[in-house]
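Source file: query_30.cif. Holds: mmCIF, C-alpha atoms.
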data_input
#
loop_
_atom_site.label_atom_id
_atom_site.label_comp_id
_atom_site.auth_asym_id
_atom_site.auth_seq_id
_atom_site.Cartn_x
_atom_site.Cartn_y
_atom_site.Cartn_z
CA MET A 17 4.19 18.65 -14.64
CA GLY A 18 2.76 19.78 -11.37
CA GLN A 19 -0.28 19.75 -9.18
CA GLU A 20 -2.64 19.30 -12.14
CA PHE A 21 -0.96 15.95 -12.85
CA VAL A 22 -1.43 14.75 -9.29
CA GLY A 23 -4.90 16.23 -8.94
CA ALA A 24 -7.26 15.86 -6.02
CA GLY A 25 -9.33 12.97 -4.78
CA TRP A 26 -11.61 11.84 -1.99
CA SER A 27 -9.91 11.31 1.32
CA PHE A 28 -9.36 7.73 2.42
CA PRO A 29 -10.94 6.65 4.62
CA LEU A 30 -13.91 8.68 3.46
CA ARG A 31 -14.62 11.66 5.70
CA PHE A 32 -16.34 15.02 5.51
CA ASP A 33 -15.02 18.56 5.89
CA ARG A 34 -16.47 21.34 8.08
CA THR A 35 -19.04 22.25 5.42
CA GLY A 36 -20.41 18.70 5.20
CA ARG A 37 -18.83 17.99 1.82
CA VAL A 38 -16.66 15.00 1.08
CA ALA A 39 -13.13 15.92 2.19
CA LEU A 40 -10.58 16.09 -0.61
CA VAL A 41 -6.84 15.55 -0.48
CA ARG A 42 -4.32 17.05 -2.88
CA GLU A 43 -0.76 16.73 -4.09
CA THR A 44 1.47 14.15 -2.40
CA ARG A 45 -1.17 13.37 0.24
CA GLU A 46 -3.52 12.24 -2.54
CA ILE A 47 -0.88 9.88 -3.92
CA GLU A 48 -0.10 8.46 -0.45
CA GLU A 49 -3.78 7.73 0.13
CA ALA A 50 -4.07 6.17 -3.34
CA ILE A 51 -1.13 3.85 -2.54
CA ARG A 52 -2.71 2.85 0.78
CA LEU A 53 -6.02 2.22 -0.99
CA ILE A 54 -4.36 -0.03 -3.59
CA LEU A 55 -2.56 -2.02 -0.90
CA ALA A 56 -5.66 -2.29 1.31
CA THR A 57 -7.94 -3.54 -1.47
CA SER A 58 -8.06 -7.24 -2.34
CA PRO A 59 -8.52 -8.14 -6.01
CA GLY A 60 -12.17 -9.06 -6.48
CA GLU A 61 -13.35 -6.72 -3.71
CA ARG A 62 -14.67 -4.10 -6.13
CA PRO A 63 -17.46 -5.53 -8.29
CA MET A 64 -17.06 -3.01 -11.12
CA ARG A 65 -13.27 -3.31 -11.13
CA PRO A 66 -12.48 -6.86 -9.96
CA GLU A 67 -8.77 -6.76 -10.89
CA PHE A 68 -8.07 -3.61 -8.83
CA GLY A 69 -6.01 -4.00 -5.68
CA CYS A 70 -3.05 -5.94 -4.34
CA ALA A 71 -2.71 -9.65 -3.64
CA ILE A 72 -0.91 -8.94 -0.36
CA HIS A 73 -3.95 -10.30 1.51
CA ASP A 74 -3.19 -13.77 0.17
CA TYR A 75 -0.31 -13.85 2.70
CA VAL A 76 -2.25 -13.25 5.93
CA PHE A 77 -1.82 -16.90 6.95
CA ALA A 78 1.68 -17.30 5.48
CA PRO A 79 4.68 -17.78 7.74
CA ALA A 80 6.58 -14.64 8.67
CA ASN A 81 9.80 -15.55 6.87
CA ALA A 82 12.06 -14.33 4.07
CA ALA A 83 10.13 -16.20 1.36
CA THR A 84 6.88 -14.53 2.37
CA ALA A 85 8.63 -11.16 2.54
CA GLY A 86 9.92 -11.64 -1.01
CA ASP A 87 6.49 -12.67 -2.27
CA ILE A 88 4.86 -9.66 -0.62
CA ALA A 89 7.44 -7.28 -2.11
CA TYR A 90 6.70 -8.74 -5.54
CA VAL A 91 2.88 -8.44 -5.33
CA VAL A 92 3.15 -4.89 -3.96
CA ARG A 93 5.46 -3.90 -6.84
CA VAL A 94 3.13 -5.45 -9.44
CA ALA A 95 0.05 -3.72 -7.99
CA LEU A 96 1.63 -0.28 -7.70
CA GLU A 97 3.19 -0.41 -11.16
CA ARG A 98 -0.20 -1.30 -12.59
CA TRP A 99 -2.55 0.93 -10.60
CA GLU A 100 -0.57 4.06 -9.69
CA PRO A 101 0.82 5.65 -12.87
CA ARG A 102 1.76 8.92 -11.14
CA ILE A 103 4.77 7.40 -9.37
CA ASP A 104 8.13 5.96 -10.30
CA LEU A 105 8.59 2.99 -7.98
CA GLU A 106 12.18 2.80 -6.76
CA ASP A 107 12.03 -0.08 -4.29
CA VAL A 108 9.78 -2.21 -2.11
CA VAL A 109 11.39 -3.53 1.06
CA VAL A 110 9.61 -5.82 3.52
CA ARG A 111 11.02 -5.95 7.03
CA PHE A 112 9.95 -7.75 10.18
CA ASP A 113 9.04 -6.18 13.48
CA ALA A 114 11.69 -7.28 15.98
CA VAL A 115 9.20 -7.32 18.85
CA ASP A 116 5.96 -8.65 17.34
CA ASP A 117 6.31 -11.78 15.18
CA GLY A 118 3.12 -11.15 13.24
CA VAL A 119 3.97 -7.70 11.85
CA LEU A 120 5.74 -7.00 8.59
CA TYR A 121 6.40 -3.46 7.40
CA VAL A 122 6.23 -2.80 3.68
CA ASP A 123 8.45 0.18 2.85
CA VAL A 124 7.52 1.65 -0.53
CA VAL A 125 10.18 3.99 -1.94
CA TYR A 126 8.99 6.10 -4.85
CA SER A 127 9.04 9.51 -6.48
CA VAL A 128 6.22 11.44 -8.05
CA ARG A 129 6.64 11.33 -11.83
CA GLY A 130 8.23 14.47 -13.16
CA THR A 131 10.00 15.26 -9.89
CA ASN A 132 13.21 14.03 -8.33
CA GLU A 133 11.81 14.15 -4.82
CA PRO A 134 12.22 10.74 -3.19
CA ARG A 135 9.35 9.70 -0.94
CA ASN A 136 8.51 6.63 1.07
CA LEU A 137 5.46 5.15 2.68
CA VAL A 138 5.46 2.42 5.30
CA PHE A 139 2.47 0.09 5.23
CA PRO A 140 2.04 -2.26 8.22
CA PHE A 141 0.92 -5.77 7.29
CA TYR A 142 -0.11 -8.42 9.78
CA VAL A 143 0.29 -12.16 9.39
CA ILE A 144 -1.44 -14.60 11.68
CA PRO A 145 1.20 -16.94 13.09
CA THR A 146 0.41 -20.61 13.30
CA HIS A 147 0.60 -22.41 16.63
CA ASP A 148 4.08 -23.72 15.74
CA GLU A 149 5.37 -20.21 15.02
CA ALA A 150 3.78 -18.68 18.12
CA GLY A 151 5.44 -21.24 20.35
CA ALA A 152 2.20 -22.89 21.43
#
As structure tokens, the full file:
Amino acid sequence: MGQEFVGAGWSFPLRFDRTGRVALVRETREIEEAIRLILATSPGERPMRPEFGCAIHDYVFAPANAATAGDIAYVVRVALERWEPRIDLEDVVVRFDAVDDGVLYVDVVYSVRGTNEPRNLVFPFYVIPTHDEAGA
């Protein structure tokens, strides 16, 4: 199992190379961009594939607390296990930014299938605090 398993795909966000062609990404970079794409897409956003994506966006107006963190970890795990078959998901940890109350970091720990190389990707997620939470 090697590079042919991982393959190549369009860069995300979409961009063009020096020749004017759609830029491609390969190997672990392709998987990282696929994970970011899954997490950044809301279910229902793609008309031809309405189930694709992650329900993390349902928590934008949720309070920044441990219950929300647990819910986010769960929906991220479900989405990645369903939509990214090239990885073995080890853990999903959601942590809060100590300085900014509205930022949660989703730490995805995984390995590429067929390898023992641990990898991680940190995805920033922003919640919109209510007036009570913001101290107003």
Please measure the separation of atom CA of Val122 of chain A and atom CA of Ala89 of chain A, giving the value in Å to one decimal. 7.4 Å
List every protein, DNA or RNA residue with an atom no more than 10 Å from (7.7, -13.1, 4.2) in the file's coordinates, counting only C-alpha atoms, and format the result as a PyMOL selection string. chain A and resi 75+78-89+110-112+120+143
Between atom CA of Val92 of chain A and atom CA of Leu105 of chain A, what is the spacing in Å?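 Spanning atom CA of Leu105 of chain A to atom CA of Val92 of chain A is a straight-line distance of 10.4 Å.
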Find the residues near Leu55 of chain A: any atom within 9 Å, counting only C-alpha atoms, skip ones fewer than 5 places away on the same chain, and give them as a tab-separated table (two decimals) with C-alpha atoms, in the coordinates of the input.
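This went into part-v8.tsv:
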chain	number	residue	atom	x	y	z
A	50	ALA	CA	-4.07	6.17	-3.34
A	69	GLY	CA	-6.01	-4.00	-5.68
A	70	CYS	CA	-3.05	-5.94	-4.34
A	71	ALA	CA	-2.71	-9.65	-3.64
A	72	ILE	CA	-0.91	-8.94	-0.36
A	73	HIS	CA	-3.95	-10.30	1.51
A	92	VAL	CA	3.15	-4.89	-3.96
A	95	ALA	CA	0.05	-3.72	-7.99
A	96	LEU	CA	1.63	-0.28	-7.70
A	139	PHE	CA	2.47	0.09	5.23
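Atom CA of Glu106 of chain A sits 8.7 Å away from atom CA of Pro134 of chain A.
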Taking the file as shown, what set of residues would the PyMOL selection byres ((chain A and resi 104) around 6) give back, as a count of residues only? 5
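For the choices A:Glu133, A:Arg52, A:Val125, A:Val119, the atom-to-atom distance to Phe77 of chain A is smallest for A:Val119 when using all atoms listed in the file.
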A:Tyr90, A:Phe68, A:Tyr142, A:Trp99 ranked by distance to Asp113 of chain A, top pick (using all atoms listed in the file):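 The closest residue to Asp113 of chain A is A:Tyr142.
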Of the residues A:Val138, A:Glu100, A:Asp33, A:Asp123, which is the one nearest to Ile51 of chain A, using all atoms listed in the file?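 Nearest to Ile51 of chain A: A:Glu100.
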Extending 5 Å beyond the listed atoms of segment 78-92 of chain A on each side, what axis-aligned box results? I want centre and edge lengths in Å to one decimal, as AutoDock Vina command-line options.
--center_x 6.9 --center_y -11.3 --center_z 1.6 --size_x 20.4 --size_y 22.9 --size_z 24.2
Looking at only C-alpha atoms, which of A:Val91, A:Met64, A:Ala39, A:Ile47 is the one that sits closest to Leu137 of chain A? A:Ile47
